[in-house]
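Engineer: The structure follows.
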Amino acid sequence: MLAGWTEVDSAFLQGQQTSLSADGLKRFYDGQLPGWQHALAPEHQVPRRNVVAGALALLGAPVGQSMVLLVASEGEGKSTALLQTAVDLVGKGHRVLFRESGTALDIDEMLALPPAAAWVLVSDDADEIASSLQEAVKRVESAGRRDIHWLLSARYEDWRARFRQGPRTVEPAWAATVDLWPDVGTSPRMLALTSEEAARLVAAWDGAGCLGALAEVAPEARAEALVEARHGSGWSAATLLDAILGQRYGPDRLKAHVARLLPRLGDNQHRFASGHTIQEAFLYAAAGAVAGVDGIDLHVMADLVGVDREDRGQVLRRLGQEGLASGSAGVLRVRHRDLARAAVQLVEEGGPGAGLEQVFKDLVRVTGETGNELRGLAAGGAVMNCGPTLALRLREIGIGGARAGQVARAAADESARALPDLLMFTVARARTYRETGQPGEARAILRAALGDLAGHGDWRVVGRLYLRDLSVSEADAGQLVDSIVLGGLSIADVDQLGDVSMAEAKVALDGLGAACSRMDAADLALPFQRLVGACALLGRQVTPKWDEPARLDFHRYEVLADELGTTQTSPAQAVAALSDALAAARRELHDEDLAALWDRLVPDPDRPPLGSLTKTVGLRLR
């Protein structure tokens, strides 16, 4: 047999079958991860997903190598359908092998399976074996095996990521080798909720006594209400799970549900061996979800709650049993975003935990520490850089502006403290302070790093971003000449820094034009007047789409240049004007720290080179 793949037969299923109580069914419909007991449950308790019939039609009497591939967003019921199909295949006499999480696909072992009427290899989170799957199906075909088939499901984002080639995703042409169902890209439609299926679900909820808010709807209208919610007309609907929770709870009752649940998750029955609780794990995951992070790496989660990294899967299992989390690609995610919102709101209102600031500080600190040991953490960078947008996200769930800013700054401070050698976290910290109404502190943070910029491990990657952000801070402080110097350096040819990107050019040129437009007439010397015209002309080059909002800013500079009489018509003229203005700003520079920075970065103080900019923008200067 295949190592790490469990043979699912009648004896195995008999050992998995348990009687589901009303409370157990409620937990399942609240989002508990499905298990064999749910796939074995009678129809009136857990109705068969409609997609199961299509899967059985392909796998039930195959004529060649066949593959059922269910790829869709999380919360659409893929795993439930997968397990239900596997159970029904056993009943039809197929030999079923189920892959345990983290197990690889050994192709040689697979081909050594003894001939049978039909083997079906079943894998949830099939993205974990995607790299070997294409070779496997080809070798099955080459070996002439017509008895090996596939039943697979995966989260859409994880599956697509396995076939990414640069900016594109190129999925293998499965249908050239196997009988494929559904066709690539049509899984979401196959998993769509029909009125008939909705009626069976609602009847199951009614039988389990967990209709919730749907009990207030007329019985004949309940199924249609669920279908409408699934298709986006109801509360917070996006997936099947969204619709289920939305119709059974609504936003207010879901928060009350979480309020009842959290204390129980902190009791002695819900502790890990380390003494930490499932409640703590859930709050960390919820904080990450509210911050917009696509899950927490399981290594980080294990470290947060003191679980051995080798046994990190138990954190996911225990949260999954409570209907609070799911996971794929080594990442733990809150089962539903509104569970996360409710939990964070409750913590801020004085609920469980050490307080919202501490939750975010712990999450950031441990992510940084774990990331120092283990390279390539999933979503690690998103956690460490959550500060600049965190205040906005907290305000969106009802936390006051001042308090949201305080929490965001605490998270950003912790990022910079955890990884002081990386400039990106200094930049993120400064942005957080600026975005939360403290521009003076933001400027101080950036200037404190001036002494040894190149000594940071990511200077080559983040250098231009740092210079641009410091330029913004200087402009905020009214130091417009300083802002022009720094904005120019951010797009100049600087040793060790890579090519100027189109986005960097766009932002810097806009900032240079804005600094000039803020100068008093007496300060707007001729080189800066010409710089306005240069920003207007070059701005059109870096905003190729006519409907781009940035074009409105550059249009303002066109109007101002026309008033000043410095409209420019040739790219060569504009680049020369830009270079002259930067040299003029350098001569007016009185800040010794910034002057020393210029001298370190630009070998020619009279004419900073702009070759990378002209190449990026695609200018022909002759």
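To be explicit about the labels: the chains of the structure tokens are called A, B, and onward in the order shown, and within each one the residues are counted from 1, while ligands get numbers from 1 in the order they are shown.
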Might you pull out every residue within 12 Å of Asp458 (chain A), with only C-alpha atoms counted and same-chain residues fewer than 5 positions away left off, and present them as a PyMOL selection string?
Structural biologist: chain A and resi 419-427+453+463-466+496-498
Engineer: How would the residues just chosen look if you wrote them out with C-alpha atoms as a short mmCIF file (atom, residue, chain, number, x, y, z; two decimals), in the first residue's frame?
Structural biologist:
data_model
loop_
_atom_site.label_atom_id
_atom_site.label_comp_id
_atom_site.auth_asym_id
_atom_site.auth_seq_id
_atom_site.Cartn_x
_atom_site.Cartn_y
_atom_site.Cartn_z
CA LEU A 419 13.78 42.52 13.15
CA PRO A 420 15.87 45.69 13.54
CA ASP A 421 18.27 44.74 10.74
CA LEU A 422 15.57 45.00 8.07
CA LEU A 423 14.78 48.46 6.77
CA MET A 424 11.35 47.43 5.50
CA PHE A 425 9.98 47.30 9.03
CA THR A 426 11.35 50.76 9.80
CA VAL A 427 9.50 52.02 6.73
CA LEU A 453 21.28 52.64 5.51
CA GLY A 463 16.19 51.59 -0.44
CA ARG A 464 14.07 53.43 -3.00
CA LEU A 465 10.95 52.98 -0.87
CA TYR A 466 12.78 54.36 2.18
CA GLN A 496 23.38 48.92 -5.05
CA LEU A 497 19.76 49.87 -5.76
CA GLY A 498 17.98 48.07 -8.57
#
Engineer: From a backbone DSSP assignment, name each residue in region 220-349 of chain A labelled helix (DSSP H, G or I), as a ChimeraX atom specification.
Structural biologist: /A:220-230,240-248,250-265,268-270,278-290,298-304,309-311,313-321,337-348
Engineer: Could you pull out the strand (DSSP E or B) residues of region 88-159 of chain A, going by DSSP on the backbone, and write them as a PyMOL selection string?
Structural biologist: chain A and resi 95-99+119-123+148-155
Engineer: Near Gln32 (chain A), counting only C-alpha atoms, which residues have an atom at most 6 Å away, once you skip same-chain residues fewer than 2 positions from it, shown as an MDAnalysis selection string?
Structural biologist: chainID A and resid 27:28 320:323
Engineer: So which residues touch Glu197 (chain A) within 8 Å, counting only C-alpha atoms, skipping near sequence neighbours fewer than 2 positions away, as number ranges by chain?
Structural biologist: A: 47, 49-50, 193-195, 199-201
Engineer: Can you write just those residues out, C-alpha atoms, as a compact mmCIF listing (two decimals), in the first residue's frame?
Structural biologist:
# COMPACT_ATOMS: atom_id res chain seq x y z
CA PRO A 47 -27.67 15.72 3.17
CA ARG A 49 -24.04 17.47 -1.67
CA ASN A 50 -25.38 17.55 -5.21
CA LEU A 193 -26.40 25.67 -4.09
CA THR A 194 -29.68 24.70 -5.77
CA SER A 195 -33.12 25.26 -4.34
CA ALA A 199 -34.43 22.71 1.10
CA ARG A 200 -32.70 19.54 2.30
CA LEU A 201 -30.18 21.58 4.32
Engineer: Region 500-548 of chain A near region 575-581 of chain A within 7 Å: what's each residue's closest atom pair and its distance in Å to one decimal, counting only C-alpha atoms, ordered by chain then ascending residue number, as a tab-separated table?
Structural biologist:
residue	atom	partner	partner_atom	distance
A:Pro527	CA	A:Ala581	CA	4.8
A:Phe528	CA	A:Ala581	CA	5.6
A:Arg530	CA	A:Ala577	CA	5.9
A:Leu531	CA	A:Leu578	CA	5.4
A:Ala534	CA	A:Leu578	CA	6.2
Engineer: Could you please take those selected residues and save C-alpha atoms as a PDB file, in the first residue's frame?
Structural biologist:
ATOM      1  CA  PRO A 527      14.840  75.125 -11.971  1.00  0.00           C
ATOM      2  CA  PHE A 528      11.802  74.200  -9.853  1.00  0.00           C
ATOM      3  CA  ARG A 530      10.928  73.727 -15.040  1.00  0.00           C
ATOM      4  CA  LEU A 531      10.631  70.701 -12.754  1.00  0.00           C
ATOM      5  CA  ALA A 534       9.072  67.872 -16.385  1.00  0.00           C
TER       6      ALA A 534
END
Engineer: Between CA of Gly54 (chain A) and CA of Leu191 (chain A), what is the distance in Å, rounded to a tenth?
Structural biologist: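 That distance, rounded to one decimal, is 10.5 Å.
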Engineer: Could you check the closest approach to Trp159 (chain A) for each of A:Thr277, A:Ser328, A:Thr543, A:Gln247 and tell me which residue wins, using only C-alpha atoms?
Structural biologist: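 Going through A:Thr277, A:Ser328, A:Thr543, A:Gln247 one by one, the smallest distance to Trp159 (chain A) is for A:Ser328.
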Engineer: Counting only C-alpha atoms, which of A:Val68, A:Met1, A:Ala584, A:Leu489 gets nearest to Pro114 (chain A)?
Structural biologist: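 Comparing A:Val68, A:Met1, A:Ala584, A:Leu489 against Pro114 (chain A), the winner is A:Met1.
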Engineer: Quote the spacing between CA of Gly513 (chain A) and CA of Phe554 (chain A) in Å to one decimal place.
Structural biologist: 7.9 Å
Engineer: Could you list, as a list in words, every residue within 8 Å of region 490-493 of chain A, counting only C-alpha atoms and ignoring same-chain residues fewer than 2 positions away?
Structural biologist: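 My reading of the contact set: Gly463, Arg464, Leu465, Leu467, Arg468, Leu486, Gly487, Gly488, Asp495, Leu497, Asp499, Val500, Glu504, Ala505, Ala508, Val602, Pro608, Pro609, Leu610, Gly611, Ser612 and Leu613 of chain A.
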Engineer: Selection from above, N, CA, C and O atoms, as a PDB file, in the first residue's frame, can you write it?
Structural biologist:
ATOM      1  N   GLY A 463      15.563  50.266  -0.463  1.00  0.00           N
ATOM      2  CA  GLY A 463      16.189  51.588  -0.441  1.00  0.00           C
ATOM      3  C   GLY A 463      15.357  52.666  -1.107  1.00  0.00           C
ATOM      4  O   GLY A 463      15.188  53.769  -0.559  1.00  0.00           O
ATOM      5  N   ARG A 464      14.849  52.402  -2.284  1.00  0.00           N
ATOM      6  CA  ARG A 464      14.075  53.428  -2.997  1.00  0.00           C
ATOM      7  C   ARG A 464      12.787  53.766  -2.241  1.00  0.00           C
ATOM      8  O   ARG A 464      12.370  54.922  -2.186  1.00  0.00           O
ATOM      9  N   LEU A 465      12.157  52.751  -1.662  1.00  0.00           N
ATOM     10  CA  LEU A 465      10.947  52.983  -0.869  1.00  0.00           C
ATOM     11  C   LEU A 465      11.262  53.842   0.349  1.00  0.00           C
ATOM     12  O   LEU A 465      10.494  54.762   0.691  1.00  0.00           O
ATOM     13  N   LEU A 467      13.722  56.069   0.702  1.00  0.00           N
ATOM     14  CA  LEU A 467      13.982  57.434   0.271  1.00  0.00           C
ATOM     15  C   LEU A 467      12.690  58.159  -0.074  1.00  0.00           C
ATOM     16  O   LEU A 467      12.511  59.338   0.253  1.00  0.00           O
ATOM     17  N   ARG A 468      11.794  57.461  -0.738  1.00  0.00           N
ATOM     18  CA  ARG A 468      10.513  58.075  -1.104  1.00  0.00           C
ATOM     19  C   ARG A 468       9.701  58.417   0.147  1.00  0.00           C
ATOM     20  O   ARG A 468       9.118  59.497   0.248  1.00  0.00           O
ATOM     21  N   LEU A 486      15.239  64.187  -1.736  1.00  0.00           N
ATOM     22  CA  LEU A 486      15.004  62.775  -1.433  1.00  0.00           C
ATOM     23  C   LEU A 486      14.147  62.096  -2.497  1.00  0.00           C
ATOM     24  O   LEU A 486      14.393  60.942  -2.872  1.00  0.00           O
ATOM     25  N   GLY A 487      13.136  62.810  -2.994  1.00  0.00           N
ATOM     26  CA  GLY A 487      12.317  62.253  -4.066  1.00  0.00           C
ATOM     27  C   GLY A 487      13.137  61.986  -5.314  1.00  0.00           C
ATOM     28  O   GLY A 487      12.944  60.969  -5.994  1.00  0.00           O
ATOM     29  N   GLY A 488      14.074  62.903  -5.609  1.00  0.00           N
ATOM     30  CA  GLY A 488      14.954  62.690  -6.757  1.00  0.00           C
ATOM     31  C   GLY A 488      15.876  61.503  -6.557  1.00  0.00           C
ATOM     32  O   GLY A 488      16.085  60.693  -7.467  1.00  0.00           O
ATOM     33  N   ASP A 495      24.023  53.484  -6.506  1.00  0.00           N
ATOM     34  CA  ASP A 495      24.770  52.235  -6.386  1.00  0.00           C
ATOM     35  C   ASP A 495      24.059  51.284  -5.425  1.00  0.00           C
ATOM     36  O   ASP A 495      23.553  51.696  -4.376  1.00  0.00           O
ATOM     37  N   LEU A 497      21.209  49.923  -5.589  1.00  0.00           N
ATOM     38  CA  LEU A 497      19.759  49.867  -5.756  1.00  0.00           C
ATOM     39  C   LEU A 497      19.422  49.395  -7.163  1.00  0.00           C
ATOM     40  O   LEU A 497      20.102  49.724  -8.128  1.00  0.00           O
ATOM     41  N   ASP A 499      16.839  48.634 -10.616  1.00  0.00           N
ATOM     42  CA  ASP A 499      16.204  49.531 -11.572  1.00  0.00           C
ATOM     43  C   ASP A 499      14.971  50.188 -10.958  1.00  0.00           C
ATOM     44  O   ASP A 499      14.297  49.621 -10.087  1.00  0.00           O
ATOM     45  N   VAL A 500      14.666  51.377 -11.455  1.00  0.00           N
ATOM     46  CA  VAL A 500      13.469  52.096 -11.021  1.00  0.00           C
ATOM     47  C   VAL A 500      12.247  51.437 -11.662  1.00  0.00           C
ATOM     48  O   VAL A 500      12.222  51.208 -12.875  1.00  0.00           O
ATOM     49  N   GLU A 504       7.400  53.154  -8.854  1.00  0.00           N
ATOM     50  CA  GLU A 504       8.284  54.076  -8.126  1.00  0.00           C
ATOM     51  C   GLU A 504       8.412  55.395  -8.858  1.00  0.00           C
ATOM     52  O   GLU A 504       8.409  56.475  -8.236  1.00  0.00           O
ATOM     53  N   ALA A 505       8.514  55.335 -10.178  1.00  0.00           N
ATOM     54  CA  ALA A 505       8.618  56.565 -10.967  1.00  0.00           C
ATOM     55  C   ALA A 505       7.349  57.396 -10.823  1.00  0.00           C
ATOM     56  O   ALA A 505       7.400  58.624 -10.644  1.00  0.00           O
ATOM     57  N   ALA A 508       7.154  58.993  -7.243  1.00  0.00           N
ATOM     58  CA  ALA A 508       8.178  60.020  -7.026  1.00  0.00           C
ATOM     59  C   ALA A 508       7.891  61.270  -7.841  1.00  0.00           C
ATOM     60  O   ALA A 508       8.003  62.397  -7.333  1.00  0.00           O
ATOM     61  N   VAL A 602      25.245  59.628  -4.557  1.00  0.00           N
ATOM     62  CA  VAL A 602      25.367  60.159  -5.917  1.00  0.00           C
ATOM     63  C   VAL A 602      26.800  60.604  -6.159  1.00  0.00           C
ATOM     64  O   VAL A 602      27.272  61.555  -5.539  1.00  0.00           O
ATOM     65  N   PRO A 608      22.849  64.357 -11.081  1.00  0.00           N
ATOM     66  CA  PRO A 608      22.555  62.972 -10.694  1.00  0.00           C
ATOM     67  C   PRO A 608      22.087  62.165 -11.901  1.00  0.00           C
ATOM     68  O   PRO A 608      21.239  62.620 -12.669  1.00  0.00           O
ATOM     69  N   PRO A 609      22.636  60.992 -12.113  1.00  0.00           N
ATOM     70  CA  PRO A 609      22.278  60.191 -13.286  1.00  0.00           C
ATOM     71  C   PRO A 609      20.864  59.615 -13.182  1.00  0.00           C
ATOM     72  O   PRO A 609      20.436  59.186 -12.114  1.00  0.00           O
ATOM     73  N   LEU A 610      20.145  59.616 -14.291  1.00  0.00           N
ATOM     74  CA  LEU A 610      18.756  59.157 -14.332  1.00  0.00           C
ATOM     75  C   LEU A 610      18.554  58.113 -15.427  1.00  0.00           C
ATOM     76  O   LEU A 610      17.470  57.997 -15.994  1.00  0.00           O
ATOM     77  N   GLY A 611      19.600  57.349 -15.714  1.00  0.00           N
ATOM     78  CA  GLY A 611      19.527  56.373 -16.797  1.00  0.00           C
ATOM     79  C   GLY A 611      18.482  55.301 -16.570  1.00  0.00           C
ATOM     80  O   GLY A 611      17.765  54.902 -17.491  1.00  0.00           O
ATOM     81  N   SER A 612      18.363  54.802 -15.327  1.00  0.00           N
ATOM     82  CA  SER A 612      17.386  53.755 -15.044  1.00  0.00           C
ATOM     83  C   SER A 612      15.964  54.268 -15.215  1.00  0.00           C
ATOM     84  O   SER A 612      15.098  53.565 -15.736  1.00  0.00           O
ATOM     85  N   LEU A 613      15.724  55.508 -14.803  1.00  0.00           N
ATOM     86  CA  LEU A 613      14.402  56.100 -14.965  1.00  0.00           C
ATOM     87  C   LEU A 613      14.016  56.179 -16.436  1.00  0.00           C
ATOM     88  O   LEU A 613      12.913  55.783 -16.825  1.00  0.00           O
TER      89      LEU A 613
END
